[in-house]
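Participant: One structure follows; several queries about it will come next.
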Amino acid sequence: MQYMLLIYGNENAYKSMQGKPEGKELHAAYGAYTQALIKAGVMKAGDQLKDSTSATTVRIEGGKTKVLDGPYAETKEQLAGYYIIDVADADAALSWAAKCPGATYGAMEVRPVIMMG
Amino acid sequence: MTQDGDEFARAAAEKVARDSYGKLVAYLAARTRDVAAAEDALSEAFASALAEWPKGGVPDKPAAWLLTVARRKMIDAMRRRKSADAGADHLKLITDELEAANMQANDIPDERLALMFACAHPAIDAAMRAPLMLQTVLGFDAAAIASAFLVSPATMGQRLVRAKNKIKQAGIPFRVPERTDLAKRLDAVLEAIYATFAEGWSDAAGTEIRGRSLAEEGIWLGRLVASLLPDEAETLGLLSLMLHADARRAARRSADGSYVPLAEQDTTLWNNGLIDEAEMHLLAASRLGVIGRYQLEAAIQSAHVVRRRTGQADWAAIESLYDALAGLDDSPVIEINRAIAVAENRGAAAGLVVLDAVASDPRLATYQPYWAARAELLARKGDVVEADTAYEIAIGLESDPAARRFLQRRRAVLRN
């Protein structure tokens with residue numbers, strides 16, 4: 001089964017780490033984690049997203065397109081990135097989620113992916 | 001068809017249902033992770049049995065008959081759905097090499113343990129684990145479970161549907177976890193079983209679920225897990241704990257229905273057979289050399305029941321067992337019980353010191369046993385005014401009328 005691991009974190013905390021040893025450590029931890037996913041043969045995709053201040057929300061209401069500056073929901077922890085992994089079951093997905101540095105710095109949401117076809 | 005034939009068929013179906021319901025659901029669901037579909041197919045199979053057995057007679061292998069019919073119904077239902085994941089499940093079912101028609105109930109692989117681990121999976125809401133087990137392993141309907149857990153039937157029904165959907169959609173596996181995770185995951189299974197037992201235990205009259213005592217169903221699940229994982233000390237510890245508690249059921253109320261505290265119970269009303277069985281399981285658990293919460297709690301029960309032979313509970317052992325429990329878990333509930341043991345060994349004042357140490361815990365402000373223990377120890381110490389206040393709070397927080405009356409009497413004695 002494929003699962004999306006959504007990484008939620010506090011952007012301000014993340015920003016304040018940049019350029020400091022903890023920031024480098026976190027970056028290296030993500031690198032190692034990604035390598036581990038690849039070596040295990042479970043990695044399908046994964047990306048880090050730019051800050052939520054760069055987000056724009058679009059919806060159509062009454063036939064009119066409304067464009068709003070900012071993320072879909074203003075919360076303390078924002079979507080910061082994701083991985084898509086292909087593993088046997090929820091146990092494996094949850095165990096990979098727990099290993100992601102994002103689980104230590106924020107929270108990981110684990111969602112099964114609907115397979116088309 | 002005769003009425004006798006009908007009744008015979010119904011009795012036969014009910015017997016198979018009781019003996020093998022969980023086994024059939026577990027076996028059918030383990031292949032597809034679709035518990036709801038397995039239950040639906042099985043209930044259709046039971047309906048077919050009630051229609052056909054009175055005419056053609058009860059088959060030699062009724063469980064295998066039901067499994068065959070249920071499997072056919074499941075495959076039919078999947079064909080109707082025709083969705084992508086149904087296709088994969090369908091394939092799993094029809095490529096299954098099972099020669100169901102020739103199987104006795106005992107030949108059907110027992111996947112109930114895997115089912116229980118799925119029900120008590122960390123991704124399932126903790127409050128729904130016991131209800132899920134009652135439904136899938138024991139076959140209770142949502143209405144019966146709802147009344148046992150004091151929720152509306154519609155709410156319980158929705159929650160059960162949601163939990164089963166989660167098992168299916170999130171890909172929660174049907175298997176006994178690997179060695180490294182087993183202890184933690186088993187703990188969740190045991191907790192759900194203990195919750196079932198405790199739900200039936202808190203009410204001395206016994207919470208009933210369709211005429212069966214919930215406490216007994218908890219013990220039944222405990223026996224099942226102990227028989228399937230006999231080398232796990234805590235499974236035996238939990239079974240021992242539940243049997244010990246159940247052995248004293250008849251002594252918990254006097255003839256007029258009033259509450260009788262453990263220390264004042266008539267030991268001749270204790271069930272010696274159950275106590276002996278509880279002791280046997282506890283001994284077997286201790287031989288495995290892995291200590292845990294349930295074994296310690298069972299050992300405390302064991303130290304209480306030595307009173308049936310010596311006339312006196314082994315309070316020194318009880319205190320040191322509570323010390324050990326406190327080391328595993330720093331719950332204020334354990335401290336309350338430890339305070340009572342300390343009071344027995346070294347006097348009420350020493351017990352109150354233990355209670356005072358946890359008094360600031362905000363969880364205790366509305367925790368009835370804390371106030372009852374406090375009132376009792378203050379009364380023994382002769383602190384009448386403070387004891388009276390504590391009794392009043394304990395009485396106000398008690399929901400069981402018999403226990404409330406008991407506390408009111410104690411309070412009245414204090415005032416005289």
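Residue numbering restarts at 1 in every chain; chains get A, B, ... in the order shown in the structure tokens, and ligands count up from 1 in that same order.
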Quick one: contact table of chain B to chain A, 7 Å max, nearest atom pair and distance in Å to one decimal per residue, counting only C-alpha atoms, chain and number order, as a Markdown table?
Facilitator:
```
| residue | atom | partner | partner_atom | distance |
| --- | --- | --- | --- | --- |
| B:Ala84 | CA | A:Gly117 | CA | 6.3 |
| B:Ala170 | CA | A:Pro112 | CA | 5.7 |
| B:Gly171 | CA | A:Ala90 | CA | 5.0 |
| B:Ile172 | CA | A:Ala90 | CA | 4.9 |
| B:Pro173 | CA | A:Asp89 | CA | 6.0 |
```
Participant: Fewer than 6 positions away in the same chain doesn't count, so skip those; otherwise give me all residues within 7 Å of range 117-134 of chain B, counting only C-alpha atoms, as a list of chain:residue names.
Facilitator: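 After dropping sequence-adjacent residues, the list is B:Phe140, B:Ile145, B:Leu160, B:Ala163, B:Ile172, B:Pro173, B:Phe174, B:Arg175, B:Val176, B:Ala188, B:Val189, B:Ala192, B:Ile193, B:Ala195, B:Thr196.
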Participant: Grab the CA of Lys15 in chain A to CA of Lys44 in chain A distance for me, in Å with one decimal place.
Facilitator: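 Separating CA of Lys15 in chain A from CA of Lys44 in chain A is a distance of 27.5 Å.
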Participant: Tell me which of A:Ala103, A:Val67, A:Ile85, A:Met108 sits closest to Ala40 in chain A, counting only C-alpha atoms.
Facilitator: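 Of A:Ala103, A:Val67, A:Ile85, A:Met108, the one nearest Ala40 in chain A is A:Ile85, counting only C-alpha atoms.
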Participant: In range 23-66 of chain A, what's alpha helix (DSSP H) per DSSP? Answer as a PDB file with all heavy atoms, in the first residue's frame?
Facilitator:
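Output saved as part03.pdb:
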```pdb
ATOM      1  N   GLY A  23      20.088  23.450  13.153  1.00  0.00           N
ATOM      2  CA  GLY A  23      19.526  23.470  11.811  1.00  0.00           C
ATOM      3  C   GLY A  23      20.281  22.521  10.895  1.00  0.00           C
ATOM      4  O   GLY A  23      19.679  21.771  10.125  1.00  0.00           O
ATOM      5  N   LYS A  24      21.615  22.542  11.002  1.00  0.00           N
ATOM      6  CA  LYS A  24      22.426  21.639  10.172  1.00  0.00           C
ATOM      7  C   LYS A  24      22.158  20.184  10.534  1.00  0.00           C
ATOM      8  O   LYS A  24      22.081  19.312   9.675  1.00  0.00           O
ATOM      9  CB  LYS A  24      23.916  21.958  10.378  1.00  0.00           C
ATOM     10  CG  LYS A  24      24.309  23.268   9.712  1.00  0.00           C
ATOM     11  CD  LYS A  24      25.831  23.404   9.603  1.00  0.00           C
ATOM     12  CE  LYS A  24      26.207  24.759   9.031  1.00  0.00           C
ATOM     13  NZ  LYS A  24      26.816  25.661  10.018  1.00  0.00           N
ATOM     14  N   GLU A  25      21.999  19.964  11.828  1.00  0.00           N
ATOM     15  CA  GLU A  25      21.742  18.617  12.324  1.00  0.00           C
ATOM     16  C   GLU A  25      20.415  18.091  11.766  1.00  0.00           C
ATOM     17  O   GLU A  25      20.313  16.952  11.314  1.00  0.00           O
ATOM     18  CB  GLU A  25      21.659  18.690  13.845  1.00  0.00           C
ATOM     19  CG  GLU A  25      22.161  17.465  14.575  1.00  0.00           C
ATOM     20  CD  GLU A  25      22.101  17.726  16.070  1.00  0.00           C
ATOM     21  OE1 GLU A  25      23.042  18.374  16.570  1.00  0.00           O
ATOM     22  OE2 GLU A  25      21.127  17.315  16.702  1.00  0.00           O
ATOM     23  N   LEU A  26      19.410  18.968  11.785  1.00  0.00           N
ATOM     24  CA  LEU A  26      18.087  18.578  11.283  1.00  0.00           C
ATOM     25  C   LEU A  26      18.160  18.268   9.790  1.00  0.00           C
ATOM     26  O   LEU A  26      17.618  17.265   9.323  1.00  0.00           O
ATOM     27  CB  LEU A  26      17.089  19.711  11.548  1.00  0.00           C
ATOM     28  CG  LEU A  26      15.648  19.458  11.090  1.00  0.00           C
ATOM     29  CD1 LEU A  26      15.061  18.249  11.809  1.00  0.00           C
ATOM     30  CD2 LEU A  26      14.766  20.679  11.338  1.00  0.00           C
ATOM     31  N   HIS A  27      18.872  19.126   9.059  1.00  0.00           N
ATOM     32  CA  HIS A  27      19.024  18.933   7.625  1.00  0.00           C
ATOM     33  C   HIS A  27      19.691  17.583   7.340  1.00  0.00           C
ATOM     34  O   HIS A  27      19.245  16.822   6.481  1.00  0.00           O
ATOM     35  CB  HIS A  27      19.852  20.087   7.056  1.00  0.00           C
ATOM     36  CG  HIS A  27      19.907  20.092   5.564  1.00  0.00           C
ATOM     37  ND1 HIS A  27      18.835  20.486   4.793  1.00  0.00           N
ATOM     38  CD2 HIS A  27      20.887  19.716   4.700  1.00  0.00           C
ATOM     39  CE1 HIS A  27      19.149  20.363   3.520  1.00  0.00           C
ATOM     40  NE2 HIS A  27      20.390  19.895   3.435  1.00  0.00           N
ATOM     41  N   ALA A  28      20.760  17.303   8.092  1.00  0.00           N
ATOM     42  CA  ALA A  28      21.483  16.040   7.903  1.00  0.00           C
ATOM     43  C   ALA A  28      20.582  14.854   8.265  1.00  0.00           C
ATOM     44  O   ALA A  28      20.618  13.803   7.613  1.00  0.00           O
ATOM     45  CB  ALA A  28      22.736  16.028   8.777  1.00  0.00           C
ATOM     46  N   ALA A  29      19.741  15.035   9.296  1.00  0.00           N
ATOM     47  CA  ALA A  29      18.851  13.949   9.711  1.00  0.00           C
ATOM     48  C   ALA A  29      17.842  13.628   8.609  1.00  0.00           C
ATOM     49  O   ALA A  29      17.561  12.464   8.319  1.00  0.00           O
ATOM     50  CB  ALA A  29      18.121  14.322  11.000  1.00  0.00           C
ATOM     51  N   TYR A  30      17.319  14.691   7.954  1.00  0.00           N
ATOM     52  CA  TYR A  30      16.392  14.460   6.837  1.00  0.00           C
ATOM     53  C   TYR A  30      17.094  13.748   5.684  1.00  0.00           C
ATOM     54  O   TYR A  30      16.527  12.845   5.058  1.00  0.00           O
ATOM     55  CB  TYR A  30      15.782  15.783   6.344  1.00  0.00           C
ATOM     56  CG  TYR A  30      14.452  16.075   6.999  1.00  0.00           C
ATOM     57  CD1 TYR A  30      14.319  17.072   7.954  1.00  0.00           C
ATOM     58  CD2 TYR A  30      13.317  15.323   6.663  1.00  0.00           C
ATOM     59  CE1 TYR A  30      13.098  17.332   8.553  1.00  0.00           C
ATOM     60  CE2 TYR A  30      12.098  15.572   7.261  1.00  0.00           C
ATOM     61  CZ  TYR A  30      11.986  16.583   8.208  1.00  0.00           C
ATOM     62  OH  TYR A  30      10.783  16.823   8.805  1.00  0.00           O
ATOM     63  N   GLY A  31      18.351  14.130   5.429  1.00  0.00           N
ATOM     64  CA  GLY A  31      19.112  13.468   4.364  1.00  0.00           C
ATOM     65  C   GLY A  31      19.262  11.984   4.652  1.00  0.00           C
ATOM     66  O   GLY A  31      19.031  11.138   3.778  1.00  0.00           O
ATOM     67  N   ALA A  32      19.617  11.681   5.888  1.00  0.00           N
ATOM     68  CA  ALA A  32      19.831  10.278   6.258  1.00  0.00           C
ATOM     69  C   ALA A  32      18.522   9.493   6.180  1.00  0.00           C
ATOM     70  O   ALA A  32      18.481   8.342   5.741  1.00  0.00           O
ATOM     71  CB  ALA A  32      20.401  10.208   7.676  1.00  0.00           C
ATOM     72  N   TYR A  33      17.436  10.160   6.600  1.00  0.00           N
ATOM     73  CA  TYR A  33      16.128   9.502   6.581  1.00  0.00           C
ATOM     74  C   TYR A  33      15.714   9.180   5.143  1.00  0.00           C
ATOM     75  O   TYR A  33      15.273   8.071   4.838  1.00  0.00           O
ATOM     76  CB  TYR A  33      15.103  10.411   7.260  1.00  0.00           C
ATOM     77  CG  TYR A  33      13.687   9.888   7.221  1.00  0.00           C
ATOM     78  CD1 TYR A  33      13.324   8.760   7.965  1.00  0.00           C
ATOM     79  CD2 TYR A  33      12.709  10.524   6.452  1.00  0.00           C
ATOM     80  CE1 TYR A  33      12.030   8.278   7.937  1.00  0.00           C
ATOM     81  CE2 TYR A  33      11.414  10.055   6.427  1.00  0.00           C
ATOM     82  CZ  TYR A  33      11.068   8.934   7.162  1.00  0.00           C
ATOM     83  OH  TYR A  33       9.785   8.459   7.139  1.00  0.00           O
ATOM     84  N   THR A  34      15.910  10.160   4.255  1.00  0.00           N
ATOM     85  CA  THR A  34      15.550   9.942   2.853  1.00  0.00           C
ATOM     86  C   THR A  34      16.369   8.789   2.268  1.00  0.00           C
ATOM     87  O   THR A  34      15.839   7.932   1.556  1.00  0.00           O
ATOM     88  CB  THR A  34      15.781  11.233   2.038  1.00  0.00           C
ATOM     89  OG1 THR A  34      15.089  12.306   2.699  1.00  0.00           O
ATOM     90  CG2 THR A  34      15.275  11.103   0.621  1.00  0.00           C
ATOM     91  N   GLN A  35      17.671   8.757   2.620  1.00  0.00           N
ATOM     92  CA  GLN A  35      18.518   7.660   2.142  1.00  0.00           C
ATOM     93  C   GLN A  35      18.018   6.314   2.652  1.00  0.00           C
ATOM     94  O   GLN A  35      18.023   5.321   1.928  1.00  0.00           O
ATOM     95  CB  GLN A  35      19.979   7.876   2.585  1.00  0.00           C
ATOM     96  CG  GLN A  35      20.717   8.936   1.772  1.00  0.00           C
ATOM     97  CD  GLN A  35      20.607   8.696   0.272  1.00  0.00           C
ATOM     98  OE1 GLN A  35      20.829   7.585  -0.209  1.00  0.00           O
ATOM     99  NE2 GLN A  35      20.219   9.729  -0.472  1.00  0.00           N
ATOM    100  N   ALA A  36      17.576   6.305   3.907  1.00  0.00           N
ATOM    101  CA  ALA A  36      17.086   5.053   4.495  1.00  0.00           C
ATOM    102  C   ALA A  36      15.844   4.560   3.754  1.00  0.00           C
ATOM    103  O   ALA A  36      15.693   3.363   3.491  1.00  0.00           O
ATOM    104  CB  ALA A  36      16.778   5.247   5.978  1.00  0.00           C
ATOM    105  N   LEU A  37      14.944   5.511   3.395  1.00  0.00           N
ATOM    106  CA  LEU A  37      13.735   5.138   2.640  1.00  0.00           C
ATOM    107  C   LEU A  37      14.121   4.559   1.283  1.00  0.00           C
ATOM    108  O   LEU A  37      13.552   3.560   0.836  1.00  0.00           O
ATOM    109  CB  LEU A  37      12.838   6.365   2.426  1.00  0.00           C
ATOM    110  CG  LEU A  37      12.099   6.936   3.641  1.00  0.00           C
ATOM    111  CD1 LEU A  37      11.399   8.229   3.246  1.00  0.00           C
ATOM    112  CD2 LEU A  37      11.091   5.946   4.196  1.00  0.00           C
ATOM    113  N   ILE A  38      15.114   5.197   0.639  1.00  0.00           N
ATOM    114  CA  ILE A  38      15.538   4.737  -0.693  1.00  0.00           C
ATOM    115  C   ILE A  38      16.162   3.348  -0.582  1.00  0.00           C
ATOM    116  O   ILE A  38      15.822   2.435  -1.332  1.00  0.00           O
ATOM    117  CB  ILE A  38      16.521   5.748  -1.337  1.00  0.00           C
ATOM    118  CG1 ILE A  38      15.782   7.066  -1.611  1.00  0.00           C
ATOM    119  CG2 ILE A  38      17.126   5.185  -2.622  1.00  0.00           C
ATOM    120  CD1 ILE A  38      16.700   8.236  -1.955  1.00  0.00           C
ATOM    121  N   LYS A  39      17.057   3.179   0.405  1.00  0.00           N
ATOM    122  CA  LYS A  39      17.728   1.872   0.562  1.00  0.00           C
ATOM    123  C   LYS A  39      16.736   0.766   0.855  1.00  0.00           C
ATOM    124  O   LYS A  39      16.915  -0.365   0.423  1.00  0.00           O
ATOM    125  CB  LYS A  39      18.757   1.956   1.695  1.00  0.00           C
ATOM    126  CG  LYS A  39      20.098   2.507   1.235  1.00  0.00           C
ATOM    127  CD  LYS A  39      21.235   2.025   2.121  1.00  0.00           C
ATOM    128  CE  LYS A  39      22.496   2.828   1.828  1.00  0.00           C
ATOM    129  NZ  LYS A  39      22.775   3.813   2.885  1.00  0.00           N
TER     130      LYS A  39
END
```
Participant: Please measure the separation of CA of Ala251 in chain B and CA of Leu282 in chain B, giving the value in Å to one decimal.
Facilitator: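 Atom-to-atom, CA of Ala251 in chain B and CA of Leu282 in chain B are spaced 22.2 Å apart.
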Participant: What does the distance from CA of Val16 in chain B to CA of Ala63 in chain B come to in Å, to one decimal?
Facilitator: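 Separating CA of Val16 in chain B from CA of Ala63 in chain B is a distance of 6.3 Å.
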Participant: What parts of range 200-268 of chain B does DSSP call strand (DSSP E)? I'd like the answer as a ChimeraX atom specification.
Facilitator: /B:208-209,212-213
Participant: Using only N, CA, C and O atoms, please write the residues we just selected to a file, as an mmCIF file, in the first residue's frame.
Facilitator:
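Ended up saving to result07.cif:
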```cif
data_model
loop_
_atom_site.group_PDB
_atom_site.id
_atom_site.type_symbol
_atom_site.label_atom_id
_atom_site.label_comp_id
_atom_site.auth_asym_id
_atom_site.auth_seq_id
_atom_site.Cartn_x
_atom_site.Cartn_y
_atom_site.Cartn_z
ATOM 1 N N GLU B 208 -24.854 -6.757 32.401
ATOM 2 C CA GLU B 208 -25.170 -7.871 31.521
ATOM 3 C C GLU B 208 -25.203 -7.424 30.085
ATOM 4 O O GLU B 208 -25.582 -6.310 29.781
ATOM 5 N N ILE B 209 -24.750 -8.311 29.228
ATOM 6 C CA ILE B 209 -24.803 -8.022 27.818
ATOM 7 C C ILE B 209 -25.562 -9.195 27.222
ATOM 8 O O ILE B 209 -25.094 -10.317 27.219
ATOM 9 N N ARG B 212 -25.558 -12.282 29.232
ATOM 10 C CA ARG B 212 -24.248 -12.827 29.620
ATOM 11 C C ARG B 212 -23.512 -11.747 30.405
ATOM 12 O O ARG B 212 -23.601 -10.572 30.087
ATOM 13 N N SER B 213 -22.784 -12.145 31.414
ATOM 14 C CA SER B 213 -22.102 -11.149 32.221
ATOM 15 C C SER B 213 -20.856 -10.650 31.489
ATOM 16 O O SER B 213 -20.079 -11.436 30.940
#
```
